[in-house]
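Data block for structure.pdb (PDB, C-alpha atoms):
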ATOM      1  CA  MET Y   1     -18.852  16.525 -60.688
ATOM      2  CA  ALA Y   2     -15.439  15.930 -62.095
ATOM      3  CA  ALA Y   3     -13.989  15.729 -58.590
ATOM      4  CA  MET Y   4     -16.539  13.082 -57.557
ATOM      5  CA  ALA Y   5     -15.776  10.981 -60.601
ATOM      6  CA  ALA Y   6     -12.044  11.163 -59.892
ATOM      7  CA  LEU Y   7     -12.643  10.127 -56.265
ATOM      8  CA  GLN Y   8     -14.779   7.133 -57.287
ATOM      9  CA  SER Y   9     -12.212   5.952 -59.798
ATOM     10  CA  SER Y  10      -9.418   6.165 -57.237
ATOM     11  CA  MET Y  11     -11.503   4.169 -54.710
ATOM     12  CA  THR Y  12     -12.154   1.378 -57.194
ATOM     13  CA  ALA Y  13      -8.458   1.319 -58.052
ATOM     14  CA  LEU Y  14      -7.629   0.837 -54.392
ATOM     15  CA  SER Y  15      -9.859  -2.290 -54.179
ATOM     16  CA  LEU Y  16      -9.602  -3.320 -50.545
ATOM     17  CA  SER Y  17      -9.455  -7.062 -50.098
ATOM     18  CA  SER Y  18     -11.303  -8.873 -47.335
ATOM     19  CA  ASN Y  19      -7.986  -9.926 -45.766
ATOM     20  CA  SER Y  20      -6.637  -6.385 -45.379
ATOM     21  CA  PHE Y  21      -6.918  -4.630 -42.032
ATOM     22  CA  LEU Y  22      -9.163  -1.827 -43.271
ATOM     23  CA  GLY Y  23     -11.549  -4.161 -45.075
ATOM     24  CA  GLN Y  24     -12.312  -6.678 -42.318
ATOM     25  CA  ARG Y  25     -14.857  -6.336 -39.543
ATOM     26  CA  PHE Y  26     -14.027  -6.666 -35.879
ATOM     27  CA  SER Y  27     -15.377  -9.720 -34.159
ATOM     28  CA  PRO Y  28     -15.636 -10.123 -30.368
ATOM     29  CA  ALA Y  29     -13.022 -12.891 -30.544
ATOM     30  CA  THR Y  30     -10.417 -10.544 -32.023
ATOM     31  CA  LEU Y  31     -11.235  -7.734 -29.597
ATOM     32  CA  CYS Y  32     -10.727  -9.745 -26.404
ATOM     33  CA  PRO Y  33      -9.007 -13.075 -27.122
ATOM     34  CA  LEU Y  34      -8.624 -13.981 -23.428
ATOM     35  CA  LEU Y  35     -11.962 -14.340 -21.716
ATOM     36  CA  PRO Y  36     -11.807 -14.963 -17.943
ATOM     37  CA  GLY Y  37     -13.547 -18.313 -18.014
ATOM     38  CA  LYS Y  38     -11.902 -19.697 -21.149
ATOM     39  CA  SER Y  39      -8.212 -18.866 -20.686
ATOM     40  CA  SER Y  40      -6.009 -21.950 -20.786
ATOM     41  CA  GLU Y  41      -2.885 -20.241 -19.403
ATOM     42  CA  LYS Y  42      -2.436 -18.645 -16.018
ATOM     43  CA  GLN Y  43      -2.421 -14.851 -16.328
ATOM     44  CA  CYS Y  44       0.715 -13.190 -14.961
ATOM     45  CA  PRO Y  45       0.371 -10.152 -12.692
ATOM     46  CA  ILE Y  46       0.719  -6.785 -14.405
ATOM     47  CA  VAL Y  47       3.505  -4.503 -13.197
ATOM     48  CA  MET Y  48       2.104  -0.986 -12.734
ATOM     49  CA  ARG Y  49       4.501   1.931 -13.146
ATOM     50  CA  LEU Y  50       4.750   3.797  -9.840
ATOM     51  CA  LYS Y  51       8.030   5.689 -10.091
ATOM     52  CA  ARG Y  52      11.132   5.284 -12.166
ATOM     53  CA  TRP Y  53      12.945   3.332  -9.441
ATOM     54  CA  GLU Y  54      10.024   1.497  -7.820
ATOM     55  CA  ARG Y  55       7.571  -0.959  -9.338
ATOM     56  CA  LYS Y  56       4.396  -2.100  -7.630
ATOM     57  CA  LYS Y  57       3.132  -5.595  -8.493
ATOM     58  CA  CYS Y  58      -0.531  -5.608  -9.437
ATOM     59  CA  LYS Y  59      -3.267  -8.149  -9.989
ATOM     60  CA  PRO Y  60      -4.813  -8.518 -13.466
ATOM     61  CA  ASN Y  61      -7.515  -5.990 -12.467
ATOM     62  CA  SER Y  62      -4.746  -3.396 -11.837
ATOM     63  CA  LEU Y  63      -5.229  -3.341  -8.068
ATOM     64  CA  PRO Y  64      -1.990  -3.571  -6.071
ATOM     65  CA  ILE Y  65      -1.051  -6.817  -4.354
ATOM     66  CA  LEU Y  66      -1.369  -6.206  -0.601
ATOM     67  CA  HIS Y  67       0.797  -8.193   1.806
ATOM     68  CA  LYS Y  68      -0.427  -9.599   5.114
ATOM     69  CA  MET Y  69       1.361  -8.009   8.035
ATOM     70  CA  HIS Y  70       1.800  -8.966  11.686
ATOM     71  CA  VAL Y  71       1.429  -5.375  12.937
ATOM     72  CA  LYS Y  72      -1.376  -2.811  12.806
ATOM     73  CA  ILE Y  73      -1.759   0.908  13.469
ATOM     74  CA  GLY Y  74      -1.501   1.671  17.191
ATOM     75  CA  ASP Y  75       0.719  -1.325  18.071
ATOM     76  CA  THR Y  76       3.769  -0.739  20.280
ATOM     77  CA  VAL Y  77       6.834  -2.178  18.557
ATOM     78  CA  LYS Y  78      10.576  -2.404  19.088
ATOM     79  CA  ILE Y  79      12.962  -1.986  16.155
ATOM     80  CA  ILE Y  80      15.165  -5.104  15.969
ATOM     81  CA  SER Y  81      17.561  -4.167  13.149
ATOM     82  CA  GLY Y  82      19.014  -1.146  11.379
ATOM     83  CA  HIS Y  83      20.576   2.040  12.700
ATOM     84  CA  GLU Y  84      17.532   2.676  14.943
ATOM     85  CA  LYS Y  85      17.883  -0.751  16.623
ATOM     86  CA  GLY Y  86      16.521  -0.938  20.171
ATOM     87  CA  LYS Y  87      14.119   2.010  19.968
ATOM     88  CA  VAL Y  88      10.491   1.540  21.043
ATOM     89  CA  GLY Y  89       7.589   3.394  19.467
ATOM     90  CA  GLU Y  90       4.018   3.266  18.249
ATOM     91  CA  ILE Y  91       3.030   2.549  14.649
ATOM     92  CA  THR Y  92       1.331   5.541  13.019
ATOM     93  CA  ARG Y  93       0.990   4.362   9.398
ATOM     94  CA  VAL Y  94       1.071   1.028   7.542
ATOM     95  CA  PHE Y  95       1.822   0.559   3.823
ATOM     96  CA  LYS Y  96       0.612  -2.902   2.793
ATOM     97  CA  HIS Y  97       1.760  -2.770  -0.844
ATOM     98  CA  ASN Y  98       5.444  -2.823   0.132
ATOM     99  CA  SER Y  99       5.221  -4.103   3.759
ATOM    100  CA  THR Y 100       6.565  -0.969   5.420
ATOM    101  CA  VAL Y 101       5.481   0.891   8.556
ATOM    102  CA  ILE Y 102       6.124   4.308  10.075
ATOM    103  CA  VAL Y 103       7.038   4.296  13.770
ATOM    104  CA  LYS Y 104       6.491   7.499  15.759
ATOM    105  CA  ASP Y 105       9.665   9.584  16.369
ATOM    106  CA  THR Y 106      12.069   7.067  14.792
ATOM    107  CA  ASN Y 107      14.018   6.916  11.513
ATOM    108  CA  LEU Y 108      13.887  10.709  11.116
ATOM    109  CA  LYS Y 109      14.795  12.091   7.681
ATOM    110  CA  THR Y 110      15.564  15.685   6.713
ATOM    111  CA  LYS Y 111      13.235  17.182   4.100
ATOM    112  CA  HIS Y 112      13.836  20.518   2.381
ATOM    113  CA  VAL Y 113      10.506  22.233   1.700
ATOM    114  CA  LYS Y 114      10.305  24.968  -0.907
ATOM    115  CA  SER Y 115       8.350  28.125  -0.143
ATOM    116  CA  ARG Y 116       4.784  28.054  -1.462
ATOM    117  CA  GLU Y 117       4.024  31.782  -1.377
ATOM    118  CA  GLU Y 118       6.192  34.719  -2.310
ATOM    119  CA  GLY Y 119       6.863  36.101   1.186
ATOM    120  CA  GLU Y 120       7.105  32.727   2.949
ATOM    121  CA  PRO Y 121      10.620  31.297   3.480
ATOM    122  CA  GLY Y 122      11.597  27.696   2.757
ATOM    123  CA  GLN Y 123      11.999  25.197   5.587
ATOM    124  CA  ILE Y 124      14.077  22.224   6.621
ATOM    125  CA  ILE Y 125      11.843  19.770   8.483
ATOM    126  CA  LYS Y 126      12.268  16.317  10.001
ATOM    127  CA  ILE Y 127       9.887  13.571   8.852
ATOM    128  CA  GLU Y 128       9.591   9.931   9.881
ATOM    129  CA  GLY Y 129      10.858   7.457   7.301
ATOM    130  CA  ALA Y 130       9.372   4.051   6.583
ATOM    131  CA  ILE Y 131      10.814   0.853   8.082
ATOM    132  CA  HIS Y 132      10.217  -2.627   6.672
ATOM    133  CA  SER Y 133       7.792  -4.623   8.791
ATOM    134  CA  SER Y 134      10.287  -7.477   9.195
ATOM    135  CA  ASN Y 135      12.554  -5.092  11.135
ATOM    136  CA  VAL Y 136      10.003  -4.451  13.907
ATOM    137  CA  MET Y 137       8.673  -6.753  16.596
ATOM    138  CA  LEU Y 138       5.682  -6.380  18.899
ATOM    139  CA  TYR Y 139       6.642  -5.114  22.353
ATOM    140  CA  SER Y 140       5.034  -5.486  25.783
ATOM    141  CA  LYS Y 141       5.411  -2.322  27.887
ATOM    142  CA  ASP Y 142       4.347  -4.142  31.073
ATOM    143  CA  GLN Y 143       7.056  -6.822  30.978
ATOM    144  CA  ASN Y 144       9.582  -5.020  28.709
ATOM    145  CA  VAL Y 145       9.910  -7.932  26.302
ATOM    146  CA  THR Y 146       9.529  -8.407  22.535
ATOM    147  CA  SER Y 147       7.501 -11.297  21.220
ATOM    148  CA  ARG Y 148       6.103 -12.830  18.080
ATOM    149  CA  VAL Y 149       2.385 -12.545  17.457
ATOM    150  CA  GLY Y 150      -0.103 -15.400  17.755
ATOM    151  CA  HIS Y 151      -3.794 -15.711  16.898
ATOM    152  CA  LYS Y 152      -6.474 -17.364  19.007
ATOM    153  CA  VAL Y 153     -10.254 -17.451  19.301
ATOM    154  CA  LEU Y 154     -11.778 -16.332  22.588
ATOM    155  CA  ASP Y 155     -14.780 -17.979  24.293
ATOM    156  CA  ASN Y 156     -17.175 -15.449  22.757
ATOM    157  CA  GLY Y 157     -15.969 -16.402  19.242
ATOM    158  CA  LYS Y 158     -13.840 -13.316  18.625
ATOM    159  CA  LYS Y 159     -10.466 -13.840  16.928
ATOM    160  CA  VAL Y 160      -7.684 -11.790  18.591
ATOM    161  CA  ARG Y 161      -3.926 -11.341  18.384
ATOM    162  CA  TYR Y 162      -1.748 -12.021  21.425
ATOM    163  CA  LEU Y 163       1.937 -11.999  22.363
ATOM    164  CA  ILE Y 164       3.298 -15.559  22.437
ATOM    165  CA  LYS Y 165       5.863 -14.990  25.239
ATOM    166  CA  THR Y 166       3.587 -13.194  27.671
ATOM    167  CA  GLY Y 167       0.085 -14.265  26.589
ATOM    168  CA  GLU Y 168      -0.989 -10.582  26.608
ATOM    169  CA  ILE Y 169      -3.927  -9.865  24.256
ATOM    170  CA  ILE Y 170      -3.189  -7.023  21.829
ATOM    171  CA  ASP Y 171      -6.614  -6.547  20.210
ATOM    172  CA  THR Y 172      -8.772  -5.316  23.084
ATOM    173  CA  THR Y 173     -11.718  -2.926  22.943
ATOM    174  CA  GLU Y 174      -9.794  -0.374  25.026
ATOM    175  CA  ASN Y 175      -6.980  -0.307  22.458
ATOM    176  CA  TRP Y 176      -9.467   0.190  19.630
ATOM    177  CA  LYS Y 177     -11.166   3.085  21.461
ATOM    178  CA  LYS Y 178      -7.792   4.782  22.047
ATOM    179  CA  LEU Y 179      -6.907   4.293  18.378
ATOM    180  CA  LYS Y 180     -10.207   5.795  17.174
ATOM    181  CA  GLU Y 181      -9.766   8.822  19.451
ATOM    182  CA  ALA Y 182      -6.225   9.346  18.203
ATOM    183  CA  THR Y 183      -7.302   9.175  14.544
ATOM    184  CA  LYS Y 184     -10.114  11.670  15.184
ATOM    185  CA  LYS Y 185      -7.633  14.097  16.761
ATOM    186  CA  THR Y 186      -5.221  13.803  13.834
ATOM    187  CA  GLU Y 187      -8.043  14.317  11.306
ATOM    188  CA  GLU Y 188      -9.224  17.428  13.185
ATOM    189  CA  ALA Y 189      -5.663  18.769  13.335
ATOM    190  CA  ALA Y 190      -5.212  18.143   9.603
ATOM    191  CA  ALA Y 191      -8.516  19.874   8.824
ATOM    192  CA  ALA Y 192      -7.556  22.880  10.969
ATOM    193  CA  ALA Y 193      -4.154  23.254   9.269
TER     194      ALA Y 193
END

This structure in structure tokens:
Amino acid sequence: MAAMAALQSSMTALSLSSNSFLGQRFSPATLCPLLPGKSSEKQCPIVMRLKRWERKKCKPNSLPILHKMHVKIGDTVKIISGHEKGKVGEITRVFKHNSTVIVKDTNLKTKHVKSREEGEPGQIIKIEGAIHSSNVMLYSKDQNVTSRVGHKVLDNGKKVRYLIKTGEIIDTTENWKKLKEATKKTEEAAAAA
């Protein structure tokens, strides 16, 4: 009983005021001062921490800002600048958050892989490095010429990409079928490994 009395006397001596942090209640206005419909200022994009040396710009909902690109997976491109200038290859991967692409068998980097199991030795392997999309240009194998990309609507209402110099349509159903078959093969190979 004596302990309870001492505790009550110390609580009354503390006497929390209504202005102190512990004494006030939380209202919805103090919890989220910026409501989406009522904000007077424009919200700035949040910068999400990716790595120590690289920052990825994000929207307010924390999704990365994706850039529009003139190339897609499966396109044949020619590298127009850098130490791999002049090489022709097919795009295997596209990274829209930083506008880079990976071209098959170009920009090879050396990677040192540590052994995973006790008896397995380490390896030195070659991997394809990323190239900025501004350093590649669409390439026509038929006429051996690079060209910028254009967009037009066909008679059936389908929007397609085409090469401006040659008029060759890039987005055809045959190309899409080849691309789907290639992705299925790579998925099966990855599952088998």

- Which residues match the PyMOL selection byres ((chain Y and resi 77) around 7) in the file above, as a PyMOL selection string? chain Y and resi 75-76+78-79+88-90+136-139

- Item | Atom-to-atom span, CA of Glu128 (chain Y) and CA of Gly150 (chain Y), Å |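 Between CA of Glu128 (chain Y) and CA of Gly150 (chain Y) the gap is 28.2 Å.
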
Could you give me the centre and size, in Å to one decimal, of an axis-aligned box around all listed atoms of region 157-169 of chain Y with 3 Å added on every side, as lines of an AutoDock Vina configuration file?
center_x = -5.1
center_y = -13.1
center_z = 22.3
size_x = 27.8
size_y = 12.5
size_z = 16.7

- Calculate how many Å separate CA of Ser140 (chain Y) from CA of Asp155 (chain Y), rounding to one decimal.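 Atom-to-atom, CA of Ser140 (chain Y) to CA of Asp155 (chain Y), that is 23.5 Å.
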
- Identify which of the residues Y:Pro121, Y:Pro64, Y:Ala6, Y:Lys165 lies closest to His97 (chain Y), counting only C-alpha atoms when measuring atom-to-atom distances. Y:Pro64

- Query: So which residues get picked by the PyMOL selection byres ((chain Y and resi 163) around 12) here, written as number ranges by chain?
  - Reply: Y: 70-71, 75-77, 137-143, 145-152, 160-162, 164-171

- Calculate how many Å separate CA of Phe95 (chain Y) from CA of Ala130 (chain Y), rounding to one decimal. 8.8 Å
